[in-house]
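Visitor: Got a structure for you, final11.txt, holding compact mmCIF, N, CA and C atoms.
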```
# COMPACT_ATOMS: atom_id res chain seq x y z
N MET A 1 122.73 202.45 90.90
CA MET A 1 123.51 202.29 89.69
C MET A 1 122.69 202.79 88.51
N SER A 2 123.36 203.37 87.57
CA SER A 2 122.65 203.91 86.41
C SER A 2 122.70 202.99 85.20
N GLY A 3 123.56 201.99 85.20
CA GLY A 3 123.63 201.12 84.04
C GLY A 3 124.59 199.98 84.28
N PRO A 4 124.65 199.04 83.35
CA PRO A 4 125.51 197.87 83.54
C PRO A 4 126.98 198.19 83.33
N LEU A 5 127.79 197.46 84.03
CA LEU A 5 129.23 197.51 83.82
C LEU A 5 129.64 196.12 83.38
N ILE A 6 130.29 196.04 82.26
CA ILE A 6 130.76 194.76 81.75
C ILE A 6 132.28 194.83 81.70
N ALA A 7 132.91 193.86 82.35
CA ALA A 7 134.37 193.82 82.36
C ALA A 7 134.79 192.36 82.16
N HIS A 8 135.96 192.18 81.59
CA HIS A 8 136.44 190.84 81.28
C HIS A 8 137.75 190.51 81.97
N ASP A 9 138.10 191.28 83.00
CA ASP A 9 139.33 190.98 83.72
C ASP A 9 139.12 191.20 85.21
N TYR A 10 139.78 190.38 85.99
CA TYR A 10 139.58 190.40 87.43
C TYR A 10 139.95 191.72 88.10
N PRO A 11 141.05 192.38 87.73
CA PRO A 11 141.36 193.65 88.40
C PRO A 11 140.25 194.69 88.24
N THR A 12 139.67 194.77 87.05
CA THR A 12 138.58 195.73 86.83
C THR A 12 137.35 195.35 87.65
N LEU A 13 137.00 194.06 87.65
CA LEU A 13 135.84 193.60 88.42
C LEU A 13 136.04 193.85 89.91
N LEU A 14 137.22 193.51 90.42
CA LEU A 14 137.50 193.71 91.83
C LEU A 14 137.48 195.18 92.19
N GLY A 15 138.09 196.02 91.35
CA GLY A 15 138.09 197.46 91.60
C GLY A 15 136.68 198.03 91.63
N ALA A 16 135.83 197.59 90.72
CA ALA A 16 134.45 198.07 90.68
C ALA A 16 133.71 197.66 91.95
N ALA A 17 133.91 196.43 92.39
CA ALA A 17 133.25 195.96 93.62
C ALA A 17 133.74 196.76 94.83
N LEU A 18 135.03 197.03 94.89
CA LEU A 18 135.59 197.81 95.99
C LEU A 18 135.05 199.23 96.02
N GLN A 19 134.67 199.74 94.85
CA GLN A 19 134.09 201.09 94.77
C GLN A 19 132.58 201.08 95.00
N GLY A 20 132.03 199.89 95.26
CA GLY A 20 130.61 199.80 95.54
C GLY A 20 129.73 199.83 94.31
N LEU A 21 130.27 199.47 93.16
CA LEU A 21 129.50 199.54 91.92
C LEU A 21 128.64 198.30 91.66
N GLY A 22 128.78 197.26 92.48
CA GLY A 22 127.96 196.07 92.28
C GLY A 22 128.68 194.82 92.72
N LEU A 23 128.13 193.70 92.29
CA LEU A 23 128.70 192.39 92.62
C LEU A 23 129.76 192.01 91.60
N ALA A 24 130.71 191.19 92.04
CA ALA A 24 131.75 190.71 91.14
C ALA A 24 132.06 189.26 91.48
N GLN A 25 132.24 188.44 90.46
CA GLN A 25 132.65 187.06 90.67
C GLN A 25 134.13 186.97 90.31
N VAL A 26 134.96 186.85 91.35
CA VAL A 26 136.41 186.78 91.17
C VAL A 26 136.96 185.65 92.02
N PRO A 27 138.13 185.13 91.68
CA PRO A 27 138.72 184.04 92.46
C PRO A 27 138.95 184.45 93.92
N GLY A 28 138.70 183.50 94.82
CA GLY A 28 138.85 183.73 96.25
C GLY A 28 140.18 184.33 96.68
N PRO A 29 141.31 183.83 96.15
CA PRO A 29 142.59 184.39 96.58
C PRO A 29 142.70 185.91 96.35
N LEU A 30 142.03 186.43 95.34
CA LEU A 30 142.09 187.87 95.07
C LEU A 30 141.26 188.67 96.06
N THR A 31 140.35 188.01 96.75
CA THR A 31 139.46 188.74 97.66
C THR A 31 139.77 188.53 99.13
N ARG A 32 140.73 187.68 99.44
CA ARG A 32 141.01 187.38 100.86
C ARG A 32 141.27 188.63 101.67
N GLU A 33 142.17 189.47 101.20
CA GLU A 33 142.53 190.67 101.96
C GLU A 33 141.35 191.64 102.09
N PRO A 34 140.68 192.02 100.99
CA PRO A 34 139.55 192.94 101.14
C PRO A 34 138.41 192.38 102.01
N VAL A 35 138.19 191.07 101.96
CA VAL A 35 137.16 190.46 102.81
C VAL A 35 137.61 190.51 104.27
N ALA A 36 138.87 190.17 104.54
CA ALA A 36 139.40 190.20 105.91
C ALA A 36 139.34 191.61 106.49
N GLU A 37 139.57 192.61 105.63
CA GLU A 37 139.54 194.01 106.06
C GLU A 37 138.12 194.57 106.07
N ARG A 38 137.14 193.72 105.71
CA ARG A 38 135.73 194.09 105.68
C ARG A 38 135.43 195.20 104.66
N ARG A 39 136.27 195.27 103.61
CA ARG A 39 135.99 196.19 102.51
C ARG A 39 135.10 195.52 101.47
N LEU A 40 135.05 194.18 101.51
CA LEU A 40 134.16 193.39 100.66
C LEU A 40 133.46 192.36 101.53
N GLU A 41 132.31 191.90 101.05
CA GLU A 41 131.59 190.82 101.72
C GLU A 41 131.41 189.69 100.73
N ALA A 42 131.71 188.47 101.15
CA ALA A 42 131.54 187.30 100.28
C ALA A 42 130.06 186.94 100.25
N LEU A 43 129.51 186.83 99.05
CA LEU A 43 128.12 186.45 98.85
C LEU A 43 128.06 185.19 98.01
N LEU A 44 126.96 184.48 98.08
CA LEU A 44 126.72 183.30 97.26
C LEU A 44 127.81 182.24 97.41
N THR A 45 128.45 182.21 98.56
CA THR A 45 129.53 181.25 98.81
C THR A 45 129.10 179.80 98.58
N PRO A 46 127.86 179.41 98.95
CA PRO A 46 127.47 178.02 98.70
C PRO A 46 127.47 177.64 97.22
N PHE A 47 127.45 178.61 96.34
CA PHE A 47 127.42 178.33 94.90
C PHE A 47 128.79 178.44 94.25
N ALA A 48 129.81 178.75 95.01
CA ALA A 48 131.15 178.95 94.46
C ALA A 48 131.76 177.63 94.00
N VAL A 49 132.49 177.67 92.92
CA VAL A 49 133.22 176.51 92.43
C VAL A 49 134.36 176.25 93.39
N THR A 50 134.51 175.01 93.81
CA THR A 50 135.56 174.69 94.78
C THR A 50 136.64 173.79 94.21
N THR A 51 136.54 173.45 92.94
CA THR A 51 137.54 172.58 92.35
C THR A 51 138.47 173.39 91.46
N PRO A 52 139.74 173.03 91.45
CA PRO A 52 140.64 173.73 90.53
C PRO A 52 140.35 173.28 89.11
N GLY A 53 140.72 174.09 88.17
CA GLY A 53 140.52 173.67 86.80
C GLY A 53 140.47 174.83 85.84
N ILE A 54 140.11 174.51 84.64
CA ILE A 54 139.99 175.49 83.58
C ILE A 54 138.52 175.57 83.22
N PHE A 55 138.01 176.76 83.06
CA PHE A 55 136.62 176.95 82.73
C PHE A 55 136.54 177.68 81.39
N LEU A 56 135.84 177.09 80.46
CA LEU A 56 135.73 177.64 79.12
C LEU A 56 134.26 177.84 78.80
N TYR A 57 133.92 179.03 78.42
CA TYR A 57 132.54 179.35 78.08
C TYR A 57 132.44 179.64 76.59
N TYR A 58 131.47 179.02 75.94
CA TYR A 58 131.25 179.24 74.52
C TYR A 58 129.77 179.05 74.25
N PRO A 59 129.25 179.59 73.15
CA PRO A 59 127.80 179.65 72.92
C PRO A 59 127.08 178.30 72.94
N SER A 60 127.59 177.31 72.25
CA SER A 60 126.86 176.05 72.14
C SER A 60 127.78 174.97 71.62
N ARG A 61 127.57 173.75 72.08
CA ARG A 61 128.37 172.63 71.56
C ARG A 61 128.11 172.43 70.08
N ARG A 62 126.89 172.63 69.65
CA ARG A 62 126.56 172.43 68.24
C ARG A 62 127.29 173.43 67.35
N GLN A 63 127.58 174.62 67.89
CA GLN A 63 128.23 175.65 67.08
C GLN A 63 129.76 175.60 67.19
N ALA A 64 130.29 174.77 68.06
CA ALA A 64 131.73 174.74 68.28
C ALA A 64 132.45 174.24 67.02
N LEU A 65 133.42 174.99 66.62
CA LEU A 65 134.23 174.59 65.47
C LEU A 65 135.07 173.36 65.83
N PRO A 66 135.45 172.57 64.85
CA PRO A 66 136.29 171.40 65.13
C PRO A 66 137.56 171.74 65.89
N LYS A 67 138.16 172.90 65.60
CA LYS A 67 139.37 173.31 66.33
C LYS A 67 139.07 173.49 67.81
N LEU A 68 137.93 174.11 68.13
CA LEU A 68 137.56 174.32 69.52
C LEU A 68 137.28 172.98 70.20
N ARG A 69 136.55 172.11 69.54
CA ARG A 69 136.26 170.79 70.12
C ARG A 69 137.56 170.02 70.38
N ALA A 70 138.50 170.09 69.47
CA ALA A 70 139.79 169.41 69.64
C ALA A 70 140.55 170.00 70.82
N PHE A 71 140.52 171.32 70.96
CA PHE A 71 141.18 171.98 72.10
C PHE A 71 140.56 171.53 73.41
N ILE A 72 139.24 171.49 73.47
CA ILE A 72 138.54 171.08 74.69
C ILE A 72 138.91 169.65 75.06
N GLU A 73 138.86 168.75 74.10
CA GLU A 73 139.17 167.34 74.38
C GLU A 73 140.63 167.17 74.80
N HIS A 74 141.53 167.88 74.14
CA HIS A 74 142.95 167.79 74.49
C HIS A 74 143.17 168.31 75.91
N THR A 75 142.58 169.44 76.24
CA THR A 75 142.73 170.03 77.57
C THR A 75 142.16 169.11 78.64
N LYS A 76 140.98 168.54 78.38
CA LYS A 76 140.37 167.62 79.34
C LYS A 76 141.27 166.41 79.58
N SER A 77 141.96 165.96 78.55
CA SER A 77 142.82 164.78 78.71
C SER A 77 144.04 165.08 79.58
N LEU A 78 144.43 166.35 79.68
CA LEU A 78 145.60 166.73 80.46
C LEU A 78 145.29 166.99 81.92
N LEU A 79 144.04 167.28 82.23
CA LEU A 79 143.67 167.64 83.59
C LEU A 79 143.30 166.39 84.39
N PRO A 80 143.70 166.37 85.67
CA PRO A 80 143.28 165.25 86.51
C PRO A 80 141.78 165.36 86.78
N ARG A 81 141.15 164.23 86.97
CA ARG A 81 139.72 164.22 87.30
C ARG A 81 139.58 164.54 88.77
N VAL A 82 138.87 165.60 89.07
CA VAL A 82 138.59 165.97 90.46
C VAL A 82 137.09 166.03 90.64
N GLY A 83 136.66 166.16 91.87
CA GLY A 83 135.23 166.19 92.16
C GLY A 83 134.51 167.32 91.46
N LYS A 84 133.21 167.23 91.45
CA LYS A 84 132.39 168.27 90.82
C LYS A 84 132.30 169.46 91.75
N SER A 85 131.88 170.59 91.20
CA SER A 85 131.74 171.79 92.03
C SER A 85 130.65 171.56 93.07
N ARG A 86 130.81 172.22 94.18
CA ARG A 86 129.88 172.07 95.29
C ARG A 86 128.64 172.91 95.02
N ARG A 87 127.50 172.31 95.07
CA ARG A 87 126.21 172.99 94.91
C ARG A 87 125.34 172.63 96.08
N PRO A 88 124.60 173.59 96.62
CA PRO A 88 123.72 173.25 97.74
C PRO A 88 122.62 172.30 97.29
N SER A 89 122.21 171.40 98.17
CA SER A 89 121.13 170.50 97.81
C SER A 89 119.80 171.20 97.98
N SER A 90 118.84 170.85 97.14
CA SER A 90 117.53 171.50 97.17
C SER A 90 116.62 170.79 98.14
```
In structure tokens, what does this structure look like?

Guide:
Amino acid sequence: MSGPLIAHDYPTLLGAALQGLGLAQVPGPLTREPVAERRLEALLTPFAVTTPGIFLYYPSRRQALPKLRAFIEHTKSLLPRVGKSRRPSS
């Protein structure tokens, strides 16, 4: 590879991985067929998130605007509590 590829959508990430451009983190249902056909290989499976939910990434809690904090709290109140993501034990 000659340089980084940055993409923010699953179709682009999956397409790049299928072309052999590198690793991609995409939801399992999108990769079932290419993995079954051996066009892709699943890596880092022990570190994969196994719980359904919404994932929100932002720089820092201290920098979060009140609107963002309110959105996070409201969203958390609507989601059922499920187990934590599976992580291998050290």

Visitor: Step one, run DSSP on the backbone; step two, keep only residues of chain A assigned to alpha helix (DSSP H); then write them as a ChimeraX atom specification.

Guide: /A:10-18,28-36,66-78

Visitor: Could you please determine the separation between atom CA of Leu21 of chain A and atom CA of Leu5 of chain A in Å, to one decimal place?

Guide: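 Atom CA of Leu5 of chain A lies 8.4 Å from atom CA of Leu21 of chain A.
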
Visitor: Between atom N of Leu79 of chain A and atom C of Pro52 of chain A, measure the distance and give it in Å to one decimal.

Guide: 9.8 Å

Visitor: Calculated over only C-alpha atoms, which of the candidates A:Val49, A:Leu30, A:Ala42, A:Leu23 has the smallest distance to Pro11 of chain A?

Guide: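 Using only C-alpha atoms, the shortest distance to Pro11 of chain A belongs to A:Leu30.
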
Visitor: Have a look at atom N of Gln63 of chain A and atom N of Thr75 of chain A and let me know their distance in Å, one decimal.

Guide: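 Atom-to-atom, atom N of Gln63 of chain A and atom N of Thr75 of chain A are spaced 17.9 Å apart.
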